[in-house]
file data-v5.cif (mmCIF, C-alpha atoms)
data_coords
loop_
_atom_site.label_atom_id
_atom_site.label_comp_id
_atom_site.auth_asym_id
_atom_site.auth_seq_id
_atom_site.Cartn_x
_atom_site.Cartn_y
_atom_site.Cartn_z
CA ARG A 1 52.46 98.69 52.46
CA ARG A 2 53.17 95.68 54.67
CA ALA A 3 56.68 95.38 53.18
CA ASP A 4 57.32 99.10 53.77
CA ALA A 5 56.04 98.81 57.33
CA ALA A 6 58.25 95.78 57.98
CA ALA A 7 61.32 97.54 56.54
CA ARG A 8 60.58 100.61 58.64
CA ALA A 9 60.19 98.45 61.74
CA ARG A 10 63.56 96.78 61.08
CA THR A 11 65.20 100.17 60.60
CA GLU A 12 63.64 101.48 63.82
CA ALA A 13 64.78 98.42 65.74
CA ALA A 14 68.32 98.76 64.39
CA LEU A 15 68.43 102.46 65.31
CA LEU A 16 67.08 101.84 68.80
CA ALA A 17 69.61 99.06 69.39
CA SER A 18 72.40 101.30 68.11
CA TYR A 19 71.37 104.13 70.44
CA ALA A 20 71.20 101.76 73.41
CA ARG A 21 74.70 100.41 72.67
CA THR A 22 76.04 103.93 72.38
CA VAL A 23 74.71 104.90 75.81
CA LEU A 24 76.16 101.76 77.36
CA GLY A 25 79.54 102.28 75.70
CA GLY A 26 82.54 104.17 77.05
CA GLY A 27 84.01 107.50 76.08
CA ASP A 28 81.47 110.32 75.79
CA PRO A 29 78.20 108.45 75.09
CA LEU A 30 75.98 111.56 75.10
CA GLN A 31 77.98 113.35 72.43
CA ARG A 32 78.23 110.21 70.28
CA LEU A 33 74.48 109.60 70.62
CA LEU A 34 73.59 113.12 69.44
CA GLU A 35 75.99 112.77 66.52
CA LYS A 36 74.36 109.48 65.53
CA VAL A 37 70.90 111.06 65.59
CA ARG A 38 72.14 113.95 63.44
CA GLU A 39 73.67 111.58 60.87
CA ASN A 40 70.77 109.11 60.83
CA PHE A 41 68.17 111.78 60.11
CA GLY A 42 70.28 114.12 57.98
CA LEU A 43 70.03 117.08 60.36
CA GLU A 44 72.05 120.26 60.67
CA SER A 45 72.29 120.12 64.46
CA VAL A 46 70.96 118.21 67.45
CA SER A 47 70.83 119.81 70.91
CA LEU A 48 69.84 118.50 74.30
CA LEU A 49 68.31 121.50 76.09
CA GLU A 50 67.74 121.78 79.81
CA LYS A 51 65.81 124.44 81.72
CA ARG A 52 67.73 125.91 84.63
CA ASP A 53 66.38 128.86 86.64
CA ASP A 54 63.66 129.41 84.00
CA GLU A 55 66.24 129.66 81.20
CA TRP A 56 67.11 127.11 78.53
CA VAL A 57 70.75 126.02 78.34
CA ARG A 58 72.47 123.50 76.10
CA ALA A 59 73.51 120.46 78.09
CA ALA A 60 75.11 119.00 74.94
CA CYS A 61 74.96 119.58 71.19
CA THR A 62 76.47 118.61 67.87
CA GLY A 63 76.46 120.14 64.40
CA GLU A 64 76.23 123.72 63.15
CA ARG A 65 73.84 126.38 64.48
CA PRO A 66 72.61 124.42 67.54
CA CYS A 67 69.36 125.54 69.12
CA ASP A 68 69.30 127.64 72.27
CA ASP A 69 65.55 127.25 72.80
CA PRO A 70 62.98 124.60 71.83
CA ASP A 71 61.08 127.24 69.84
CA GLU A 72 64.04 127.51 67.45
CA ALA A 73 63.89 123.81 66.55
CA ASP A 74 62.39 122.34 63.39
CA VAL A 75 61.52 119.29 65.48
CA ASP A 76 61.10 119.56 69.25
CA VAL A 77 61.01 116.30 71.23
CA PRO A 78 60.14 116.79 74.91
CA VAL A 79 61.76 114.28 77.26
CA THR A 80 60.51 115.92 80.46
CA ASP A 81 59.11 119.38 81.13
CA ASP A 82 62.65 120.65 81.68
CA VAL A 83 64.57 118.60 79.09
CA HIS A 84 63.98 118.73 75.33
CA LEU A 85 65.76 117.29 72.28
CA ALA A 86 65.88 120.08 69.70
CA LEU A 87 66.54 119.16 66.05
CA ARG A 88 67.42 121.70 63.37
CA GLY A 89 67.77 121.14 59.62
CA ARG A 90 64.42 119.80 58.36
CA THR A 91 61.06 118.59 59.49
CA LEU A 92 60.57 114.85 59.92
CA PRO A 93 57.60 112.59 59.19
CA ALA A 94 55.34 111.48 62.02
CA HIS A 95 56.44 107.83 61.83
CA ASP A 96 59.93 108.88 63.01
CA GLN A 97 58.49 110.25 66.25
CA ARG A 98 58.80 106.99 68.15
CA VAL A 99 62.51 106.63 67.33
CA LEU A 100 63.15 110.27 68.22
CA GLU A 101 61.36 109.91 71.55
CA ALA A 102 63.44 106.83 72.33
CA ALA A 103 66.63 108.68 71.31
CA ALA A 104 65.63 111.62 73.54
CA GLY A 105 65.09 109.26 76.45
CA GLN A 106 68.50 107.66 75.85
CA ALA A 107 70.07 111.15 75.70
CA LEU A 108 68.59 112.01 79.08
CA LEU A 109 69.86 108.71 80.48
CA ALA A 110 73.35 109.43 79.09
CA LEU A 111 73.27 112.92 80.62
CA ARG A 112 72.37 111.53 84.03
CA GLN A 113 75.07 108.87 83.77
CA GLN A 114 77.60 111.54 82.81
CA ARG A 115 76.71 113.64 85.84
CA MET A 116 76.68 110.66 88.18
CA ALA A 117 80.14 109.66 86.94
CA ALA A 118 81.41 113.21 87.50
CA GLN A 119 79.90 113.27 91.00
CA THR A 120 81.42 109.88 91.79
CA GLN A 121 84.82 110.98 90.56
CA GLU A 122 84.61 114.16 92.63
CA ALA A 123 83.53 112.18 95.69
CA GLN A 124 86.44 109.78 95.22
CA ARG A 125 88.85 112.69 94.82
CA ARG A 126 87.54 114.30 98.01
CA ALA A 127 87.73 111.00 99.87
CA ALA A 128 91.32 110.49 98.71
CA THR A 129 92.20 114.03 99.73
CA THR A 130 90.59 113.55 103.13
CA GLU A 131 92.37 110.23 103.60
CA LEU A 132 95.67 111.82 102.64
CA ARG A 133 95.10 114.76 104.97
CA THR A 134 94.26 112.44 107.87
CA ALA A 135 97.30 110.28 107.20
CA LEU A 136 99.52 113.34 106.93
CA LEU A 137 98.31 114.72 110.24
CA SER A 138 98.90 111.43 112.02
CA ALA A 139 102.33 110.97 110.44
CA LEU A 140 103.55 114.52 110.95
CA GLY A 141 103.29 114.23 114.73
CA HIS A 142 106.46 112.14 114.74
CA ASP A 143 108.15 112.69 111.42
CA LEU A 144 108.33 116.47 111.53
CA ARG A 145 109.09 116.56 115.24
CA THR A 146 112.27 114.49 114.89
CA PRO A 147 114.29 116.88 112.68
CA LEU A 148 112.80 119.91 114.47
CA THR A 149 113.90 118.53 117.82
CA SER A 150 117.37 117.88 116.44
CA ILE A 151 117.64 121.42 115.04
CA LYS A 152 116.47 122.90 118.35
CA ALA A 153 119.06 120.83 120.22
CA VAL A 154 121.79 122.12 117.91
CA PHE A 155 120.90 125.77 118.55
CA GLY A 156 120.52 125.07 122.27
CA GLY A 157 124.01 123.57 122.40
CA LEU A 158 125.52 126.47 120.47
CA ARG A 159 123.86 129.08 122.68
CA ALA A 160 124.72 127.42 126.01
CA HIS A 161 127.01 129.74 128.02
CA ASP A 162 127.96 127.18 130.63
CA ILE A 163 129.45 124.73 128.12
CA SER A 164 132.72 125.30 126.31
CA LEU A 165 132.64 123.62 122.91
CA SER A 166 135.73 122.73 120.97
CA GLU A 167 135.96 123.55 117.29
CA ALA A 168 135.35 119.89 116.45
CA ASP A 169 132.25 119.74 118.69
CA THR A 170 130.88 122.91 117.13
CA GLU A 171 131.45 121.52 113.65
CA GLU A 172 129.69 118.28 114.61
CA LEU A 173 126.68 120.20 115.94
CA LEU A 174 126.46 122.33 112.80
CA SER A 175 126.72 119.23 110.62
CA ALA A 176 123.89 117.56 112.57
CA GLY A 177 121.77 120.69 112.21
CA GLU A 178 122.42 120.85 108.48
CA GLU A 179 121.50 117.17 108.07
CA SER A 180 118.26 117.64 110.01
CA THR A 181 117.41 120.73 107.97
CA ASP A 182 117.95 118.84 104.72
CA ARG A 183 115.77 116.01 106.02
CA LEU A 184 113.06 118.48 107.00
CA SER A 185 113.24 120.20 103.62
CA GLY A 186 112.93 116.89 101.76
CA LEU A 187 110.01 115.85 103.93
CA VAL A 188 108.14 119.11 103.31
CA ASP A 189 108.78 118.84 99.55
CA ASN A 190 107.31 115.33 99.47
CA LEU A 191 104.32 116.40 101.54
CA LEU A 192 103.59 119.26 99.15
CA ASP A 193 104.07 117.00 96.12
CA SER A 194 101.67 114.42 97.60
CA SER A 195 99.06 117.11 98.14
CA ARG A 196 99.47 118.30 94.55
CA LEU A 197 99.08 114.75 93.24
CA ALA A 198 96.00 114.12 95.40
CA THR A 199 94.28 117.27 94.14
CA GLY A 200 95.23 116.73 90.49
CA ALA A 201 97.33 119.91 90.41
CA VAL A 202 100.34 118.32 88.69
CA GLN A 203 100.42 119.48 85.06
CA PRO A 204 103.59 118.20 83.32
CA VAL A 205 105.28 120.14 80.53
CA LEU A 206 106.51 117.35 78.27
CA ARG A 207 109.51 117.73 75.97
CA PRO A 208 112.38 115.54 74.69
CA ILE A 209 115.05 115.15 77.36
CA GLY A 210 117.97 112.79 77.94
CA TYR A 211 118.26 110.60 81.02
CA ASP A 212 121.97 111.43 81.32
CA GLU A 213 121.44 115.15 81.93
CA VAL A 214 118.54 114.70 84.35
CA VAL A 215 120.34 112.02 86.37
CA ALA A 216 123.35 114.29 86.84
CA THR A 217 121.13 117.10 88.14
CA ALA A 218 119.16 114.78 90.40
CA LEU A 219 122.25 113.22 91.99
CA ALA A 220 123.68 116.65 92.74
CA ALA A 221 120.64 117.32 94.94
CA VAL A 222 120.89 114.03 96.88
CA ASP A 223 123.06 113.60 99.96
CA GLY A 224 125.54 110.91 98.95
CA GLY A 225 124.68 111.17 95.26
CA ALA A 226 128.35 111.45 94.33
CA LYS A 227 128.82 107.82 95.44
CA VAL A 228 126.23 106.48 93.00
CA ALA A 229 127.64 104.53 90.03
CA VAL A 230 126.14 105.85 86.78
CA ASP A 231 126.24 103.99 83.46
CA ILE A 232 124.12 105.82 80.88
CA ASP A 233 125.09 105.92 77.20
CA ASP A 234 124.53 109.44 75.85
CA ARG A 235 123.59 107.85 72.51
CA LEU A 236 120.36 106.48 73.97
CA PRO A 237 117.17 108.07 72.60
CA ALA A 238 115.70 110.99 74.52
CA VAL A 239 112.48 110.43 76.45
CA THR A 240 109.30 112.50 76.53
CA ALA A 241 109.16 113.90 80.05
CA ASP A 242 108.91 116.93 82.29
CA ALA A 243 112.48 117.75 83.37
CA GLY A 244 111.48 118.94 86.85
CA LEU A 245 109.19 115.99 87.61
CA LEU A 246 111.71 113.47 86.27
CA GLU A 247 114.49 115.05 88.34
CA ARG A 248 112.37 114.83 91.51
CA THR A 249 111.45 111.24 90.67
CA ILE A 250 115.06 110.12 90.26
CA ALA A 251 116.17 112.03 93.36
CA ASN A 252 113.47 110.40 95.49
CA VAL A 253 114.24 106.89 94.24
CA VAL A 254 118.01 107.32 94.61
CA ASP A 255 117.61 108.80 98.10
CA ASN A 256 115.45 105.81 99.08
CA ALA A 257 118.08 103.42 97.69
CA LEU A 258 120.93 105.15 99.52
CA ARG A 259 119.09 105.09 102.85
CA HIS A 260 117.87 101.51 102.63
CA GLY A 261 120.12 99.81 100.09
CA GLY A 262 123.33 99.29 102.00
CA GLY A 263 125.21 102.18 100.40
CA GLU A 264 125.90 100.61 96.97
CA VAL A 265 123.63 102.12 94.33
CA ALA A 266 123.94 101.92 90.54
CA VAL A 267 121.96 103.77 87.86
CA ARG A 268 121.76 102.32 84.34
CA ALA A 269 119.59 102.95 81.28
CA SER A 270 118.60 100.87 78.25
CA THR A 271 115.97 100.79 75.49
CA TYR A 272 113.13 98.31 75.41
CA GLY A 273 110.15 98.23 73.02
CA GLY A 274 109.93 101.90 72.14
CA ARG A 275 110.71 103.04 75.67
CA VAL A 276 113.85 103.92 77.59
CA GLU A 277 114.12 102.29 81.02
CA LEU A 278 116.18 103.72 83.87
CA ARG A 279 117.18 101.17 86.52
CA ILE A 280 118.17 102.31 89.99
CA ALA A 281 119.57 99.26 91.76
CA ASP A 282 120.77 98.72 95.32
CA HIS A 283 122.08 95.65 97.15
CA GLY A 284 120.20 96.03 100.41
CA PRO A 285 117.66 93.66 101.98
CA GLY A 286 115.16 94.21 99.16
CA LEU A 287 111.42 93.78 99.58
CA PRO A 288 109.48 90.96 101.23
CA LYS A 289 107.86 88.55 98.80
CA GLY A 290 104.69 90.02 97.30
CA ALA A 291 105.42 93.57 98.52
CA ALA A 292 106.51 95.07 95.16
CA ASP A 293 103.21 96.89 94.55
CA SER A 294 102.77 98.19 98.09
CA ALA A 295 106.27 99.75 98.00
CA PHE A 296 104.79 102.70 96.07
CA ALA A 297 101.84 103.27 98.40
CA PRO A 298 101.90 106.42 100.57
CA PHE A 299 103.31 106.07 104.08
CA GLN A 300 105.00 102.76 103.31
CA ARG A 301 108.58 102.44 104.51
CA LEU A 302 110.81 99.63 103.38
CA GLY A 303 109.59 96.85 105.64
CA ASP A 304 108.33 99.54 108.04
CA ARG A 305 111.54 99.11 110.02
CA ASN A 306 112.05 101.37 113.02
CA THR A 307 115.38 102.60 111.66
CA THR A 308 113.77 104.49 108.78
CA THR A 309 112.85 108.15 108.84
CA GLY A 310 110.26 110.20 107.02
CA VAL A 311 106.66 109.45 106.28
CA GLY A 312 107.42 107.05 103.45
CA LEU A 313 106.26 109.32 100.62
CA GLY A 314 109.32 109.25 98.36
CA LEU A 315 108.36 106.28 96.16
CA SER A 316 104.67 107.27 96.23
CA VAL A 317 105.53 110.72 94.89
CA ALA A 318 107.81 109.14 92.27
CA LYS A 319 104.98 106.89 91.09
CA GLY A 320 102.56 109.83 90.82
CA PHE A 321 105.05 111.93 88.85
CA VAL A 322 105.88 109.11 86.43
CA ALA A 323 102.18 108.37 85.86
CA ALA A 324 101.60 112.06 85.09
CA MET A 325 104.24 111.78 82.35
CA ASP A 326 102.55 108.72 80.79
CA GLY A 327 105.29 106.49 82.14
CA ASP A 328 105.56 103.42 84.29
CA ILE A 329 107.50 102.65 87.46
CA ARG A 330 107.92 99.23 89.04
CA ALA A 331 110.02 97.36 91.57
CA GLU A 332 112.14 94.30 90.77
CA ASP A 333 114.62 92.14 92.64
CA THR A 334 118.27 93.02 92.03
CA PRO A 335 120.28 89.99 90.87
CA GLY A 336 122.30 88.87 93.86
CA GLY A 337 119.96 90.58 96.32
CA GLY A 338 118.49 94.02 96.73
CA LEU A 339 115.87 96.23 95.12
CA THR A 340 115.78 97.69 91.59
CA VAL A 341 113.29 100.45 90.75
CA VAL A 342 112.63 100.76 87.00
CA VAL A 343 111.43 104.07 85.53
CA SER A 344 110.11 103.55 81.99
CA LEU A 345 109.21 106.49 79.72
CA PRO A 346 108.32 106.76 76.00
CA ALA A 347 111.33 107.18 73.72
CA VAL A 348 111.38 110.11 71.31
CA PRO A 349 111.36 108.74 67.70
CA ARG A 350 114.55 109.45 65.81
#
call {"tool": "encode", "arguments": {"input": "data-v5.cif", "output": "structure tokens"}}
result
Amino acid sequence: RRADAAARARTEAALLASYARTVLGGGDPLQRLLEKVRENFGLESVSLLEKRDDEWVRAACTGERPCDDPDEADVDVPVTDDVHLALRGRTLPAHDQRVLEAAAGQALLALRQQRMAAQTQEAQRRAATTELRTALLSALGHDLRTPLTSIKAVFGGLRAHDISLSEADTEELLSAGEESTDRLSGLVDNLLDSSRLATGAVQPVLRPIGYDEVVATALAAVDGGAKVAVDIDDRLPAVTADAGLLERTIANVVDNALRHGGGEVAVRASTYGGRVELRIADHGPGLPKGAADSAFAPFQRLGDRNTTTGVGLGLSVAKGFVAAMDGDIRAEDTPGGGLTVVVSLPAVPR
């Protein structure tokens, strides 16, 4: 009897330690804990029931035919008046009660941790959204006003009856208005994309796609894209990506390089360790030492120089889009001076 009691005590201690480790582990500890209880005691199902508005609901369960009410259980283990661990499959001896009560307590702890983590994540999301909204409002005062003022000046000049404009002057005004409209359109697109990223509304549709075809489409949408030197072998493996998100990413990075990189921009692609990397290189002033990570933060302009326009969202949006596609984006120094942005995405196996 002493040997049986000692063996039982060792088994109980091992089970309790296992349950405690499960709750402290990552992933979905509550679901894994219930599954362990079901396997350890040979049960059909294990359910954690919670009373809400005088009705029992399953907070979590595992196995077949889970209980909807403690009265349906073969073994009912109360944790609190409103939380019960309901076991179905067979009755259990009284000496297992202590382990089951401990498991029920661990299940309640895991449930509370799960809800606290969800509340924390929601609070962080709301804080990030609020921070973004505040930053947008403060930035828009200047950044939207500039192209709008330019567009208004164009229409004012064209409508003025006391000024006689030559054909060349009219063409210059229309060109300035078109440029300001394009700038305004790009700014609004980036603002909307940033809001979508902040609220988790970006849902990529991943499929195999070649860098060569997306780069061509992206450059066609960028002012000055025809001047970009492209060197992409069409024999490179396709990447797993969302065509629309990848196009917007490349367009934003190329536009940033054209505006800040001194006019010489090159786009190249190569394979590396199961991924295909696209390098967009310029030969401008580059980044200050130690500023590679902050280049992708919202509202960061290259060196925050006064000559730049826009709220500095282009690279931030690119980083969010690439992350949504399970990719990576980073900044490197261009050999000989300048900035190279590397977009790395998983290669499609051949």
call {"tool": "atom_distance", "arguments": {"input": "data-v5.cif", "atom1": "atom CA of A:Ala107", "atom2": "atom CA of A:Gly89"}}
result
19.1 Å
call {"tool": "resolve_selection", "arguments": {"input": "data-v5.cif", "expression": "the PyMOL selection byres ((chain A and resi 23-25) around 12)", "output": "VMD selection string"}}
result
chain A and resid 16 to 22 26 to 34 36 102 to 114
call {"tool": "write_last_selection", "arguments": {"input": "data-v5.cif", "atoms": "C-alpha atoms", "output": "PDB file, in the frame of the given file"}}
result
ATOM      1  CA  LEU A  16      67.080 101.840  68.800  1.00  0.00           C
ATOM      2  CA  ALA A  17      69.610  99.060  69.390  1.00  0.00           C
ATOM      3  CA  SER A  18      72.400 101.300  68.110  1.00  0.00           C
ATOM      4  CA  TYR A  19      71.370 104.130  70.440  1.00  0.00           C
ATOM      5  CA  ALA A  20      71.200 101.760  73.410  1.00  0.00           C
ATOM      6  CA  ARG A  21      74.700 100.410  72.670  1.00  0.00           C
ATOM      7  CA  THR A  22      76.040 103.930  72.380  1.00  0.00           C
ATOM      8  CA  GLY A  26      82.540 104.170  77.050  1.00  0.00           C
ATOM      9  CA  GLY A  27      84.010 107.500  76.080  1.00  0.00           C
ATOM     10  CA  ASP A  28      81.470 110.320  75.790  1.00  0.00           C
ATOM     11  CA  PRO A  29      78.200 108.450  75.090  1.00  0.00           C
ATOM     12  CA  LEU A  30      75.980 111.560  75.100  1.00  0.00           C
ATOM     13  CA  GLN A  31      77.980 113.350  72.430  1.00  0.00           C
ATOM     14  CA  ARG A  32      78.230 110.210  70.280  1.00  0.00           C
ATOM     15  CA  LEU A  33      74.480 109.600  70.620  1.00  0.00           C
ATOM     16  CA  LEU A  34      73.590 113.120  69.440  1.00  0.00           C
ATOM     17  CA  LYS A  36      74.360 109.480  65.530  1.00  0.00           C
ATOM     18  CA  ALA A 102      63.440 106.830  72.330  1.00  0.00           C
ATOM     19  CA  ALA A 103      66.630 108.680  71.310  1.00  0.00           C
ATOM     20  CA  ALA A 104      65.630 111.620  73.540  1.00  0.00           C
ATOM     21  CA  GLY A 105      65.090 109.260  76.450  1.00  0.00           C
ATOM     22  CA  GLN A 106      68.500 107.660  75.850  1.00  0.00           C
ATOM     23  CA  ALA A 107      70.070 111.150  75.700  1.00  0.00           C
ATOM     24  CA  LEU A 108      68.590 112.010  79.080  1.00  0.00           C
ATOM     25  CA  LEU A 109      69.860 108.710  80.480  1.00  0.00           C
ATOM     26  CA  ALA A 110      73.350 109.430  79.090  1.00  0.00           C
ATOM     27  CA  LEU A 111      73.270 112.920  80.620  1.00  0.00           C
ATOM     28  CA  ARG A 112      72.370 111.530  84.030  1.00  0.00           C
ATOM     29  CA  GLN A 113      75.070 108.870  83.770  1.00  0.00           C
ATOM     30  CA  GLN A 114      77.600 111.540  82.810  1.00  0.00           C
TER      31      GLN A 114
END
call {"tool": "atom_distance", "arguments": {"input": "data-v5.cif", "atom1": "atom CA of A:Val154", "atom2": "atom CA of A:Arg259"}}
result
22.9 Å
call {"tool": "resolve_selection", "arguments": {"input": "data-v5.cif", "expression": "the PyMOL selection byres ((chain A and resi 248) around 12)", "output": "CSV table (one decimal) with C-alpha atoms, in the frame of the given file"}}
result
chain,number,residue,atom,x,y,z
A,186,GLY,CA,112.9,116.9,101.8
A,189,ASP,CA,108.8,118.8,99.6
A,190,ASN,CA,107.3,115.3,99.5
A,193,ASP,CA,104.1,117.0,96.1
A,214,VAL,CA,118.5,114.7,84.4
A,215,VAL,CA,120.3,112.0,86.4
A,216,ALA,CA,123.4,114.3,86.8
A,217,THR,CA,121.1,117.1,88.1
A,218,ALA,CA,119.2,114.8,90.4
A,219,LEU,CA,122.2,113.2,92.0
A,220,ALA,CA,123.7,116.6,92.7
A,221,ALA,CA,120.6,117.3,94.9
A,222,VAL,CA,120.9,114.0,96.9
A,241,ALA,CA,109.2,113.9,80.0
A,242,ASP,CA,108.9,116.9,82.3
A,243,ALA,CA,112.5,117.8,83.4
A,244,GLY,CA,111.5,118.9,86.8
A,245,LEU,CA,109.2,116.0,87.6
A,246,LEU,CA,111.7,113.5,86.3
A,247,GLU,CA,114.5,115.0,88.3
A,249,THR,CA,111.4,111.2,90.7
A,250,ILE,CA,115.1,110.1,90.3
A,251,ALA,CA,116.2,112.0,93.4
A,252,ASN,CA,113.5,110.4,95.5
A,253,VAL,CA,114.2,106.9,94.2
A,254,VAL,CA,118.0,107.3,94.6
A,255,ASP,CA,117.6,108.8,98.1
A,314,GLY,CA,109.3,109.2,98.4
A,315,LEU,CA,108.4,106.3,96.2
A,316,SER,CA,104.7,107.3,96.2
A,317,VAL,CA,105.5,110.7,94.9
A,318,ALA,CA,107.8,109.1,92.3
A,319,LYS,CA,105.0,106.9,91.1
A,320,GLY,CA,102.6,109.8,90.8
A,321,PHE,CA,105.0,111.9,88.8
A,322,VAL,CA,105.9,109.1,86.4
call {"tool": "residues_around", "arguments": {"input": "data-v5.cif", "residues": "A:Thr334", "least_positions_apart": "3", "cutoff": "7 Å", "atoms": "all atoms listed in the file", "output": "ChimeraX atom specification"}}
result
/A:281,283,337-340
call {"tool": "resolve_selection", "arguments": {"input": "data-v5.cif", "expression": "the PyMOL selection byres ((chain A and resi 95) around 12)", "output": "list in words"}}
result
Asp4, Ala5, Arg8, Ala9, Thr11, Glu12, Thr91, Leu92, Pro93, Ala94, Asp96, Gln97, Arg98, Val99, Leu100 and Glu101 of chain A
call {"tool": "write_last_selection", "arguments": {"input": "data-v5.cif", "atoms": "C-alpha atoms", "output": "PDB file, in the coordinates of the input"}}
result
ATOM      1  CA  ASP A   4      57.320  99.100  53.770  1.00  0.00           C
ATOM      2  CA  ALA A   5      56.040  98.810  57.330  1.00  0.00           C
ATOM      3  CA  ARG A   8      60.580 100.610  58.640  1.00  0.00           C
ATOM      4  CA  ALA A   9      60.190  98.450  61.740  1.00  0.00           C
ATOM      5  CA  THR A  11      65.200 100.170  60.600  1.00  0.00           C
ATOM      6  CA  GLU A  12      63.640 101.480  63.820  1.00  0.00           C
ATOM      7  CA  THR A  91      61.060 118.590  59.490  1.00  0.00           C
ATOM      8  CA  LEU A  92      60.570 114.850  59.920  1.00  0.00           C
ATOM      9  CA  PRO A  93      57.600 112.590  59.190  1.00  0.00           C
ATOM     10  CA  ALA A  94      55.340 111.480  62.020  1.00  0.00           C
ATOM     11  CA  ASP A  96      59.930 108.880  63.010  1.00  0.00           C
ATOM     12  CA  GLN A  97      58.490 110.250  66.250  1.00  0.00           C
ATOM     13  CA  ARG A  98      58.800 106.990  68.150  1.00  0.00           C
ATOM     14  CA  VAL A  99      62.510 106.630  67.330  1.00  0.00           C
ATOM     15  CA  LEU A 100      63.150 110.270  68.220  1.00  0.00           C
ATOM     16  CA  GLU A 101      61.360 109.910  71.550  1.00  0.00           C
TER      17      GLU A 101
END
call {"tool": "closest_residue", "arguments": {"input": "data-v5.cif", "among": "A:Leu49, A:Val348, A:Leu236, A:Ala117", "to": "A:Gly274", "atoms": "all atoms listed in the file"}}
result
A:Val348
call {"tool": "residues_near_point", "arguments": {"input": "data-v5.cif", "point": "(62.0, 119.3, 59.4)", "cutoff": "10 Å", "atoms": "all atoms listed in the file", "output": "list in words"}}
result
Phe41, Gly42, Leu43, Ala73, Asp74, Val75, Asp76, Leu87, Arg88, Gly89, Arg90, Thr91, Leu92 and Pro93 of chain A
call {"tool": "decode", "arguments": {"input": "data-v5.cif", "residues": "stretch 7-18 of chain A", "atoms": "N, CA, C and O atoms", "output": "tab-separated table (two decimals), in the first residue's frame"}}
result
chain	number	residue	atom	x	y	z
A	7	ALA	N	3.90	5.64	-5.54
A	7	ALA	CA	3.83	5.71	-7.01
A	7	ALA	C	2.75	6.68	-7.44
A	7	ALA	O	2.94	7.47	-8.39
A	8	ARG	N	1.63	6.65	-6.75
A	8	ARG	CA	0.54	7.57	-7.08
A	8	ARG	C	0.97	9.02	-6.85
A	8	ARG	O	0.66	9.92	-7.63
A	9	ALA	N	1.68	9.23	-5.73
A	9	ALA	CA	2.15	10.58	-5.42
A	9	ALA	C	3.12	11.09	-6.48
A	9	ALA	O	3.07	12.26	-6.89
A	10	ARG	N	4.01	10.19	-6.95
A	10	ARG	CA	4.94	10.60	-8.01
A	10	ARG	C	4.20	10.94	-9.30
A	10	ARG	O	4.53	11.91	-9.98
A	11	THR	N	3.20	10.12	-9.62
A	11	THR	CA	2.40	10.39	-10.82
A	11	THR	C	1.67	11.72	-10.71
A	11	THR	O	1.64	12.51	-11.66
A	12	GLU	N	1.08	11.96	-9.52
A	12	GLU	CA	0.36	13.23	-9.32
A	12	GLU	C	1.31	14.41	-9.45
A	12	GLU	O	0.98	15.43	-10.09
A	13	ALA	N	2.49	14.29	-8.87
A	13	ALA	CA	3.45	15.38	-8.93
A	13	ALA	C	3.88	15.64	-10.37
A	13	ALA	O	4.01	16.80	-10.80
A	14	ALA	N	4.09	14.55	-11.13
A	14	ALA	CA	4.49	14.72	-12.53
A	14	ALA	C	3.38	15.39	-13.33
A	14	ALA	O	3.64	16.27	-14.16
A	15	LEU	N	2.12	14.99	-13.09
A	15	LEU	CA	1.00	15.59	-13.81
A	15	LEU	C	0.85	17.06	-13.46
A	15	LEU	O	0.65	17.90	-14.34
A	16	LEU	N	0.95	17.37	-12.17
A	16	LEU	CA	0.81	18.77	-11.75
A	16	LEU	C	1.90	19.64	-12.34
A	16	LEU	O	1.65	20.77	-12.78
A	17	ALA	N	3.13	19.12	-12.37
A	17	ALA	CA	4.24	19.87	-12.96
A	17	ALA	C	4.02	20.07	-14.46
A	17	ALA	O	4.29	21.15	-15.01
A	18	SER	N	3.51	19.01	-15.11
A	18	SER	CA	3.24	19.10	-16.54
A	18	SER	C	2.17	20.14	-16.84
A	18	SER	O	2.30	20.94	-17.78
